[in-house]
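*Asks:* One structure coming up, written as structure tokens, with questions to follow.
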Amino acid sequence: MSAKPIVQVENVTHVYSRGNVTALDDVSVTINRGEIVGLIGQNGSGKTTLVKHLNSLLKPTKGRVLIDGEDTEKQSVQAMSAKVGYVYQNPNHQLFARTVQDELEFGPRNLKVDEAEIEARREEAIEFFGLEEMRDLHPYRIGFPLRKLVGMASIFTMRPDIFILDEPTTGQDNITTQRVYKLIHRLRENGHTVICVAHDMILLAEVVDRLLVMRDAHLIADDTPRKVFAMREVMESTHLAPPQITQLSLNLKKGKVVLSVDEMLKELKS
Amino acid sequence: MQGIAVPISVVPGNSPIHRINPIPKMVWVLGILVISFITRNPVILGGVFLLGLLFVTIAQIWPSYLRVVMVLFPISLTLILLQSIAPAFPQPWTPIVAVGPFTIWQEGIYSGLSLLLRIMCMTTFAMVMIMTSHPSDIFASMQKVGLPYTMNFILTMTLQLIPILQSEFNTVLKAQKSRGLKGTGFAAILPSMVPVFVGAIERVQQLSISLESRAFGSSGQKTSYRQVQFGFKDALVLAAGALFSGAMTYWLLVDKTLDWSRTLTFSPAFALILFFGAGIGFLLFIAFALRLVLTA
């Protein structure tokens, strides 16, 4: 993993013209290639506005956004989609094709990938996400958790450098949640950059290297989950609670901050 | 892409027309509807249309109104074009001038112009009504007039669903663009329409469940959170609307000399300018639309 910045957000301010709302106020952040980043904050703190700048859905009112060294200002969303894959929170907004299989082929076909490669990617995605049984079903006929996986798979086949996952585990059952974890680990192994907007602290504690915290259009913290969870004031001011096991370790006030039950066990045994 | 949606919903404002109760406005819309269908006289229709534009000015809804009219623009051009060579009018027709294999008919021009004005009159008044009345106010006042609750609910729900569907459409279009969807034309229709319609059906299903669980259709006296006033001014506007449309209807039905279909003659020059103007306008529109689709 080289430490080359792939996302550079430089002093970005965004004002929604309707209602004159400042959703981002002078935000700067640099994300390196291969980093797994979590983005947390209350609803309305500017998380979604920030990630929408990365694939050019929104343009900064002030400042600039560089993706792989290129300014997004002049780029269309379609052009950016080859580099930045945005998985929407609600899969119903993205899915439309007659079968799951067609759905997986839609993205790469838009990018003019050749047919043999499309097929290879499709098969890989079906295998990885465990969609074999439903490959010929209509996406709306399968349950919500699996539909969400299809949404992720449809971006996965586009092979973007950067994955943006908006609430990937919300409304998911245990099995699909595990698969999301697996997906993120797999993306990490392949050297992709992942930005995860989430309220699921356990997910973040488990998979993320770095946590960005937003409050009222500002970025207020940027560190490893271990350190961010220990910042009591930051966490309280955003009304976010670390995983219970981490809270326990924080309240014990001795030893180190733990992120999982296994870690706690190890800590207690030593 | 934000501007793709036509804003057929209330435009916030505080003009004199905004402040009028929805009922008198509806009476006007109904009256104009009757007048537009009774007559084909272009001068009377034109006059009613100008009156409508005056209301648009008073209500200060020009930008939204123009966006609706823009949608009607290609339809009006084809209307003029097709009517002048194939009038929707009883025979016999009087020829004015021949253009290649086609003949432009006297009745065709007349019929095209009057149909166009009819559409414009009705749209203008309907838009003034819809763009200046909050759906909840319409609901509350219809309730007062005594429209059955269920009927009333269907009516206002439809009005409220339009902006929701428009924002939904924008979200879906953005989601599809994030998947590399190109084009705003035919290629974009399926990927963006399917999720919107499926979403709409799901929404309606959920709505019906939530209505049931909140005792929809239970009997008894209903009160409304939103209070609508019906003052002296509203009564005046209502009376004016009823009187105006009543008098116009009577006049138009009685005075047979207002039927100008056989007496009003158009000069060949006027007919040609209208015909070619509409033709060229239509071709330009097609070219513009094609360019938009191909370059997107």
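Chains: A, B, ... in order of the structure tokens. Residues: from 1 per chain. Ligands: from 1, in order shown.
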What lies within 10 Å of Gly31 of chain B using only C-alpha atoms, ignoring chain neighbours under 5 positions off, as an MDAnalysis selection string?

*Replies:* chainID B and resid 25:26 36 122 125 241:246 248:249

*Asks:* Which polymer residues have any atom within 7 Å of an atom of Ser81 of chain A, counting only C-alpha atoms, with same-chain residues fewer than 2 positions away left out, as a list of chain:residue names?

*Replies:*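 Non-adjacent residues within range: A:Asn55, A:Val77, A:Gln78, A:Ala79, A:Lys83, A:Val84, A:Gly85, B:Ser178, B:Arg179, B:Gly180.
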
*Asks:* So that I can check the surroundings of Leu212 of chain A, please list as an MDAnalysis selection string every protein, DNA and RNA residue that reaches within 8 Å of it, counting only C-alpha atoms and ignoring chain neighbours fewer than 3 positions away.

*Replies:* chainID A and resid 37:40 219:223

*Asks:* Please, could you write that set of residues out with C-alpha atoms as a JSON list (two decimals), in the first residue's frame?

*Replies:*
```
[["chain", "number", "residue", "atom", "x", "y", "z"],
["A", 37, "VAL", "CA", -12.12, 5.21, 6.27],
["A", 38, "GLY", "CA", -15.25, 5.50, 8.37],
["A", 39, "LEU", "CA", -17.32, 8.67, 8.34],
["A", 40, "ILE", "CA", -19.64, 9.29, 11.27],
["A", 219, "LEU", "CA", -14.81, 17.88, 10.49],
["A", 220, "ILE", "CA", -14.10, 17.66, 14.22],
["A", 221, "ALA", "CA", -11.96, 14.55, 14.55],
["A", 222, "ASP", "CA", -9.76, 12.41, 12.33],
["A", 223, "ASP", "CA", -7.90, 9.51, 13.91]]
```

*Asks:* Show me which bits of chain A are within 12 Å of chain B, counting only C-alpha atoms, as JSON, numbers by chain.

*Replies:* {"A": [17, 18, 52, 53, 54, 55, 56, 57, 58, 76, 77, 78, 79, 80, 81, 82, 83, 84, 85, 86, 87, 88, 89, 90, 91, 92, 93, 94, 95, 96, 97, 98, 102, 103, 104, 105, 106, 107, 108, 109, 110, 111, 112, 113, 138, 139, 140, 141, 151, 152, 153, 154, 155, 156, 157, 158, 159, 160, 163, 164]}

*Asks:* One number please: atom CA of Phe276 of chain B to atom CA of Ser76 of chain B, in Å, one decimal.

*Replies:* 13.7 Å

*Asks:* Excluding Leu66 of chain B and residues on its chain fewer than 3 positions from it, collect all residues at most 12 Å away from it, counting only C-alpha atoms, and give them as a tab-separated table (two decimals) with C-alpha atoms, in the first residue's frame.

*Replies:*
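Final file, out_32.tsv:
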```
chain	number	residue	atom	x	y	z
B	6	VAL	CA	-41.96	20.46	-14.27
B	7	PRO	CA	-43.10	22.11	-11.06
B	8	ILE	CA	-46.83	21.45	-11.09
B	53	LEU	CA	-51.77	35.95	-18.20
B	56	VAL	CA	-50.22	34.88	-13.75
B	57	THR	CA	-48.60	38.31	-13.41
B	60	GLN	CA	-46.01	36.26	-9.63
B	61	ILE	CA	-45.63	32.71	-10.90
B	62	TRP	CA	-44.16	33.46	-14.33
B	63	PRO	CA	-41.01	31.25	-14.07
B	69	VAL	CA	-45.84	26.13	-21.14
B	70	MET	CA	-42.46	25.00	-22.52
B	71	VAL	CA	-43.71	21.42	-22.33
B	72	LEU	CA	-46.79	22.40	-24.35
B	73	PHE	CA	-44.70	24.22	-26.95
B	120	MET	CA	-53.65	27.73	-23.38
B	123	THR	CA	-53.78	25.42	-18.74
B	124	THR	CA	-53.23	29.02	-17.69
B	127	MET	CA	-51.92	26.52	-13.31
B	128	VAL	CA	-52.81	29.75	-11.55
```

*Asks:* Of the candidates B:Val228, B:Ile85, B:Leu252, B:Ile280, which one gets nearest to Ile35 of chain B if we count only C-alpha atoms?

*Replies:*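 Once distances to Ile35 of chain B are computed over only C-alpha atoms, the minimum belongs to B:Leu252.
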
*Asks:* Could you name the residues that touch Ile286 of chain B at 9 Å or less, counting only C-alpha atoms, but leaving out those on the same chain fewer than 5 positions away, as a PyMOL selection string?

*Replies:* chain B and resi 74+281+291

*Asks:* For the residues selected in the previous step, produce a file with C-alpha atoms as a PDB file, in the first residue's frame.

*Replies:*
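Result file is part_7.pdb:
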```
ATOM      1  CA  PRO B  74     -43.931  21.277 -29.295  1.00  0.00           C
ATOM      2  CA  GLY B 281     -40.070  25.660 -35.138  1.00  0.00           C
ATOM      3  CA  ARG B 291     -28.616  17.145 -29.910  1.00  0.00           C
TER       4      ARG B 291
END
```

*Asks:* Which distance in Å separates atom CA of Ser64 of chain B and atom CA of Gly19 of chain A, to one decimal?

*Replies:*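 For atom CA of Ser64 of chain B relative to atom CA of Gly19 of chain A, the distance reads 17.8 Å.
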
*Asks:* Which one of B:Trp251, B:Lys222, B:Leu51, B:Gly108 sits closest to Gly146 of chain B if you count only C-alpha atoms?

*Replies:* B:Lys222

*Asks:* Report as a compact mmCIF listing (two decimals) with N, CA and C atoms, in the first residue's frame all protein, DNA and RNA residues lying within 9 Å of segment 208-217 of chain B, evaluated on only C-alpha atoms, omitting residues in the same chain fewer than 4 positions from it.

*Replies:*
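Output saved as around_35.txt:
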```txt
# COMPACT_ATOMS: atom_id res chain seq x y z
N TYR B 149 -65.25 12.43 1.93
CA TYR B 149 -63.89 12.43 2.46
C TYR B 149 -62.94 11.61 1.59
N THR B 150 -63.39 10.42 1.19
CA THR B 150 -62.50 9.53 0.42
C THR B 150 -62.13 10.17 -0.93
N ARG B 203 -44.86 2.85 -2.08
CA ARG B 203 -45.28 3.96 -1.23
C ARG B 203 -46.79 3.93 -1.01
N VAL B 204 -47.52 3.66 -2.09
CA VAL B 204 -48.98 3.63 -1.99
C VAL B 204 -49.42 2.50 -1.07
```

*Asks:* Just asking: which residues within segment 46-258 of chain A are alpha helix (DSSP H) according to DSSP, as an MDAnalysis selection string?

*Replies:* chainID A and resid 47:54 77:80 100:110 115:129 144:156 174:189 201:207 225:230 232:237 244:252

*Asks:* Pick out the residues sitting within 12 Å of Met235 of chain A, and hand them over as JSON, numbers by chain; count only C-alpha atoms, and ignore anything fewer than 4 positions along from it in its own chain.

*Replies:* {"A": [40, 41, 42, 201, 211, 212, 213, 214, 215, 220, 221, 225, 227, 228, 229, 230, 231, 239, 240, 241, 242, 243, 247]}

*Asks:* Per DSSP on the backbone, what are the strand (DSSP E or B) residues of segment 117-259 of chain A, as a list in words?

*Replies:*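 Filtering segment 117-259 of chain A to strand (DSSP E or B) leaves Ile162, Phe163, Ile164, Leu165, Asp166, Thr193, Val194, Ile195, Cys196, Val197, Arg210, Leu211, Leu212, Val213, Met214, Arg215, His218, Leu219, Ile220, Ala221, Asp222 and Asp223 of chain A.
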